[in-house]
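Undergrad: What follows is a structure written as structure tokens; I'll ask about it next.
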Amino acid sequence: MPGTVLLLAAAPVGRGCLVDAASVLPVLAAVEPAVLSGTETANVVELADPLEPQAVLTRLRAAATAPGPLTVFVAGQLQLDRRQRLPHLALARTKPATVRYTALPWHWIREELRLRPPGATSLVLDLHADAETWQWLRSHPLDSGHHHTVHGRIAPPPGRRAVAAPTYLKAVATILRSGHRPPLDELHQQALLRIADEPPGLLLAGGGPAADDPHAVISAAVQAGRHGEAESLAARYEQAAARTHGPGSEPVLHWSEVRADLAMLAGDPARSCRVWLSVADARLAAGQPVDAPAVEAAVDRAHHQWGQVGEPAAARELGLALAALRSRVPGRREGALDHVQRQLRQLQTQG
């Protein structure tokens, strides 16, 4: 099966730039796609200094739903948003005061890749952090998802007025240009040897699914087209979590989110939208703030799935609930509530 490779290099333009991220792309592009992917054939998507987080999310979402192995190479810099102090990948227009609106939240990457088959996703990261983010990372490991293989490094801030180079990924690309891709852990060690004279930073290595991971069983059922079985398994885990941790607990909400994703994969956007709406309501009822990442993600995903609902009556019903939620949770995309209201007005004229 063909592989997919996503090459993402991003950094702010101007004084806030810590790393010349895009300088690694010509080196990576010189590697055969099949070698980048570790498969016989591969499709490569390249994002060089993107401007908008939504544009990156669209490409990431497409890559995440592609069958076959996925390898994501990321060069760039991490910054914290001022409101929630969560890590973001800075993009071309990002400034310290605008991180929340102009950078890519790191948890978006984790969320989009969450339901990929076990063992089918690898991330190779060469990241630099500003001083504030570097301190934060000392006590908060970067969460890229527990079911993927992650290798790379996070480097401390370069010297004052200095712009660093993504030397780790350049070393990876140089090794791959030989035409052979060793196992990623071996590739990681070879790349580190080539940059041994640099400060080591924070090393990222390992990951992958546990043998008894229930997500692996569910993903296997989805891959085989057994969507009903996958839904039944997720519902069973959700019920068990409710008995153990109580209704509305985080484990229960996690399995609700899995069911929403499974409905999407089964081609049932109305059911997916309905579950995402219930997840958002439950999180708000539990006292989570309207701008909490999990709340925003639930409403955003409900909104996206609502746009796929073709039956007018169901779309009207779900749209009214979505509009009520959007009035409380506007999210990061400007005009989201206006969009729902416009679509609802159009639906009122349909039978």
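Residues in the structure tokens are named by chain (A, B, ... in the order shown) and by number from 1 within that chain; ligands are numbered from 1 in the order shown.
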Please run DSSP on the backbone and report, as a list of chain:residue names, all residues within stretch 129-265 of chain A that come out as strand (DSSP E or B).
TA: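 The residues of stretch 129-265 of chain A classed as strand (DSSP E or B) are A:Ala129, A:Thr149, A:Val150, A:His151, A:Gly152, A:Arg153, A:Ile154, A:Ala155, A:Ala164, A:Leu202, A:Leu203, A:Leu204, A:Ala205, A:Gly206, A:Gly207.
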Undergrad: With only C-alpha atoms as the counted atoms, please give the residues lying no more than 10 Å from A:Pro293, apart from itself and same-chain residues fewer than 2 positions off, as a PyMOL selection string.
TA: chain A and resi 84+86+105+107-108+288-291+295-298+331
Undergrad: Just the selected residues (N, CA, C and O atoms), exported as a short mmCIF file (atom, residue, chain, number, x, y, z; two decimals), in the first residue's frame, please.
TA:
data_model
loop_
_atom_site.label_atom_id
_atom_site.label_comp_id
_atom_site.auth_asym_id
_atom_site.auth_seq_id
_atom_site.Cartn_x
_atom_site.Cartn_y
_atom_site.Cartn_z
N GLN A 84 -3.76 30.05 27.76
CA GLN A 84 -3.81 28.71 28.33
C GLN A 84 -2.44 28.08 28.54
O GLN A 84 -2.34 27.02 29.15
N LEU A 86 -0.40 26.61 26.39
CA LEU A 86 -0.31 25.32 25.71
C LEU A 86 0.62 25.47 24.51
O LEU A 86 0.66 26.53 23.86
N PRO A 105 -2.08 24.77 17.18
CA PRO A 105 -2.02 24.09 18.48
C PRO A 105 -1.45 22.68 18.33
O PRO A 105 -1.89 21.92 17.47
N HIS A 107 -1.88 20.16 20.10
CA HIS A 107 -2.85 19.09 20.35
C HIS A 107 -3.72 18.81 19.12
O HIS A 107 -4.34 17.76 19.05
N TRP A 108 -3.77 19.72 18.15
CA TRP A 108 -4.48 19.41 16.91
C TRP A 108 -3.80 18.24 16.19
O TRP A 108 -4.47 17.40 15.60
N GLN A 288 -15.74 22.95 32.54
CA GLN A 288 -14.60 23.30 31.71
C GLN A 288 -14.87 24.63 31.00
O GLN A 288 -15.99 24.89 30.56
N PRO A 289 -13.87 25.50 30.87
CA PRO A 289 -14.09 26.81 30.25
C PRO A 289 -14.40 26.69 28.77
O PRO A 289 -14.04 25.71 28.11
N VAL A 290 -15.05 27.71 28.24
CA VAL A 290 -15.49 27.67 26.84
C VAL A 290 -14.31 27.67 25.87
O VAL A 290 -14.46 27.27 24.72
N ASP A 291 -13.13 28.11 26.33
CA ASP A 291 -11.97 28.10 25.44
C ASP A 291 -11.01 26.96 25.76
O ASP A 291 -9.87 26.96 25.28
N VAL A 295 -13.01 21.40 24.69
CA VAL A 295 -14.34 21.95 24.40
C VAL A 295 -14.37 22.51 22.98
O VAL A 295 -15.28 22.21 22.19
N GLU A 296 -13.38 23.33 22.64
CA GLU A 296 -13.33 23.89 21.29
C GLU A 296 -13.24 22.80 20.24
O GLU A 296 -13.90 22.88 19.19
N ALA A 297 -12.44 21.77 20.51
CA ALA A 297 -12.28 20.69 19.53
C ALA A 297 -13.61 19.97 19.31
O ALA A 297 -13.97 19.64 18.17
N ALA A 298 -14.36 19.73 20.38
CA ALA A 298 -15.64 19.03 20.25
C ALA A 298 -16.61 19.85 19.41
O ALA A 298 -17.30 19.30 18.52
N GLY A 331 -14.96 29.52 19.33
CA GLY A 331 -13.80 28.88 18.73
C GLY A 331 -12.83 29.87 18.14
O GLY A 331 -12.96 31.08 18.29
#
Undergrad: Skipping near chain neighbours, those fewer than 2 positions away, what residues fall within 9 Å of A:Val299 using only C-alpha atoms, listed as a list in words?
TA: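 Result of the neighbour search: Cys273, Trp276, Leu277, Val279, Ala280, Ala294, Val295, Glu296, Ala297, Arg301, Ala302, His303, His304, Leu322, Leu325, Arg326, Val329, Pro330 and Gly331 of chain A.
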Undergrad: Go ahead and write the residues just picked, N, CA, C and O atoms, as a compact mmCIF listing (two decimals), in the first residue's frame.
TA:
# COMPACT_ATOMS: atom_id res chain seq x y z
N CYS A 273 -21.94 14.11 14.51
CA CYS A 273 -22.23 15.46 14.99
C CYS A 273 -22.96 15.40 16.32
O CYS A 273 -22.62 16.14 17.26
N TRP A 276 -20.56 14.51 19.13
CA TRP A 276 -19.65 15.62 19.45
C TRP A 276 -20.38 16.72 20.22
O TRP A 276 -19.82 17.32 21.15
N LEU A 277 -21.63 16.99 19.85
CA LEU A 277 -22.41 17.99 20.59
C LEU A 277 -22.61 17.55 22.04
O LEU A 277 -22.49 18.37 22.97
N VAL A 279 -20.65 15.60 23.76
CA VAL A 279 -19.36 15.70 24.44
C VAL A 279 -19.11 17.15 24.87
O VAL A 279 -18.69 17.41 26.01
N ALA A 280 -19.36 18.09 23.97
CA ALA A 280 -19.16 19.51 24.31
C ALA A 280 -20.06 19.92 25.47
O ALA A 280 -19.62 20.59 26.41
N ALA A 294 -10.27 20.96 24.64
CA ALA A 294 -11.17 19.83 24.40
C ALA A 294 -12.58 20.29 24.08
O ALA A 294 -13.29 19.65 23.29
N VAL A 295 -13.01 21.40 24.69
CA VAL A 295 -14.34 21.95 24.40
C VAL A 295 -14.37 22.51 22.98
O VAL A 295 -15.28 22.21 22.19
N GLU A 296 -13.38 23.33 22.64
CA GLU A 296 -13.33 23.89 21.29
C GLU A 296 -13.24 22.80 20.24
O GLU A 296 -13.90 22.88 19.19
N ALA A 297 -12.44 21.77 20.51
CA ALA A 297 -12.28 20.69 19.53
C ALA A 297 -13.61 19.97 19.31
O ALA A 297 -13.97 19.64 18.17
N ARG A 301 -15.48 19.97 15.71
CA ARG A 301 -15.73 18.71 15.01
C ARG A 301 -17.22 18.50 14.76
O ARG A 301 -17.60 17.97 13.71
N ALA A 302 -18.04 18.91 15.73
CA ALA A 302 -19.49 18.85 15.50
C ALA A 302 -19.87 19.73 14.31
O ALA A 302 -20.68 19.33 13.45
N HIS A 303 -19.26 20.91 14.24
CA HIS A 303 -19.53 21.84 13.14
C HIS A 303 -19.12 21.23 11.80
O HIS A 303 -19.88 21.28 10.82
N HIS A 304 -17.94 20.62 11.78
CA HIS A 304 -17.46 20.02 10.54
C HIS A 304 -18.38 18.90 10.08
O HIS A 304 -18.73 18.79 8.90
N LEU A 322 -26.26 23.18 17.44
CA LEU A 322 -24.92 23.69 17.18
C LEU A 322 -24.88 25.21 17.34
O LEU A 322 -23.93 25.76 17.91
N LEU A 325 -24.68 26.11 20.91
CA LEU A 325 -23.33 25.88 21.43
C LEU A 325 -22.35 26.92 20.92
O LEU A 325 -21.50 27.41 21.67
N ARG A 326 -22.46 27.26 19.63
CA ARG A 326 -21.54 28.23 19.04
C ARG A 326 -21.67 29.61 19.69
O ARG A 326 -20.71 30.37 19.74
N VAL A 329 -19.40 28.93 22.56
CA VAL A 329 -18.05 28.50 22.21
C VAL A 329 -17.75 28.96 20.78
O VAL A 329 -17.90 28.18 19.84
N PRO A 330 -17.35 30.21 20.59
CA PRO A 330 -17.11 30.70 19.22
C PRO A 330 -15.94 30.03 18.54
O PRO A 330 -15.89 29.95 17.32
N GLY A 331 -14.96 29.52 19.33
CA GLY A 331 -13.80 28.88 18.73
C GLY A 331 -12.83 29.87 18.14
O GLY A 331 -12.96 31.08 18.29
Undergrad: Run DSSP on the backbone of this structure and report the residues of stretch 28-124 of chain A it assigns to helix (DSSP H, G or I), as a ChimeraX atom specification.
TA: /A:28-29,33-37,53-65,96-102,106-113
Undergrad: Taking only C-alpha atoms into account, which of A:Arg100, A:Arg59, A:His188, A:Arg85 comes nearest A:His140?
TA: A:Arg85
Undergrad: Residues at most 9 Å from stretch 15-18 of chain A, counting only C-alpha atoms, excluding those fewer than 2 positions away in the same chain, as a PyMOL selection string?
TA: chain A and resi 11-13+20-21+76-77+92+94-96+128-130+157-158+161-165
Undergrad: A:Leu60: which residues within 12 Å, counting only C-alpha atoms, same-chain residues fewer than 6 positions away excluded, as a list in words?
TA: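 The residues that qualify are Thr4, Val5, Leu6, Leu7, Leu8, Val45, Glu46, Leu47, Pro53, Gln54, Ala66, Leu70, Thr71, Val72, Phe73, Val74, Leu104, Trp106, Trp108, Ile109, Arg110, Glu111, Glu112, Leu113 and Arg114 of chain A.
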Undergrad: Using only C-alpha atoms, which protein or nucleic acid residues come within 9 Å of A:His215? Drop anything in the same chain fewer than 4 positions from it, and give the result as a ChimeraX atom specification.
TA: /A:115,117-118,147,209,219-220,234,258
Undergrad: Which residue, A:Arg82, A:Arg116, A:Arg93, A:Arg153, has the smallest gap to A:Gly68 when you use only C-alpha atoms?
TA: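 That would be A:Arg116, the residue with the smallest distance to A:Gly68.
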Undergrad: Would you kindly return, as a PyMOL selection string, each protein, DNA or RNA residue with an atom no farther than 6 Å from any atom of stretch 195-206 of chain A, considering only C-alpha atoms and excluding same-chain residues fewer than 2 positions away?
TA: chain A and resi 149-156+192-193
Undergrad: Would you mind reading off the distance between atom CA of A:Leu253 and atom CA of A:Pro269, one decimal, in Å?
TA: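 One can read the atom CA of A:Leu253 to atom CA of A:Pro269 distance as 18.7 Å.
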Undergrad: Out of A:Thr102, A:Gln239, A:Thr167, A:Gln189, which residue has the shortest atom-to-atom distance to A:Pro251 when counting only C-alpha atoms?
TA: A:Gln239
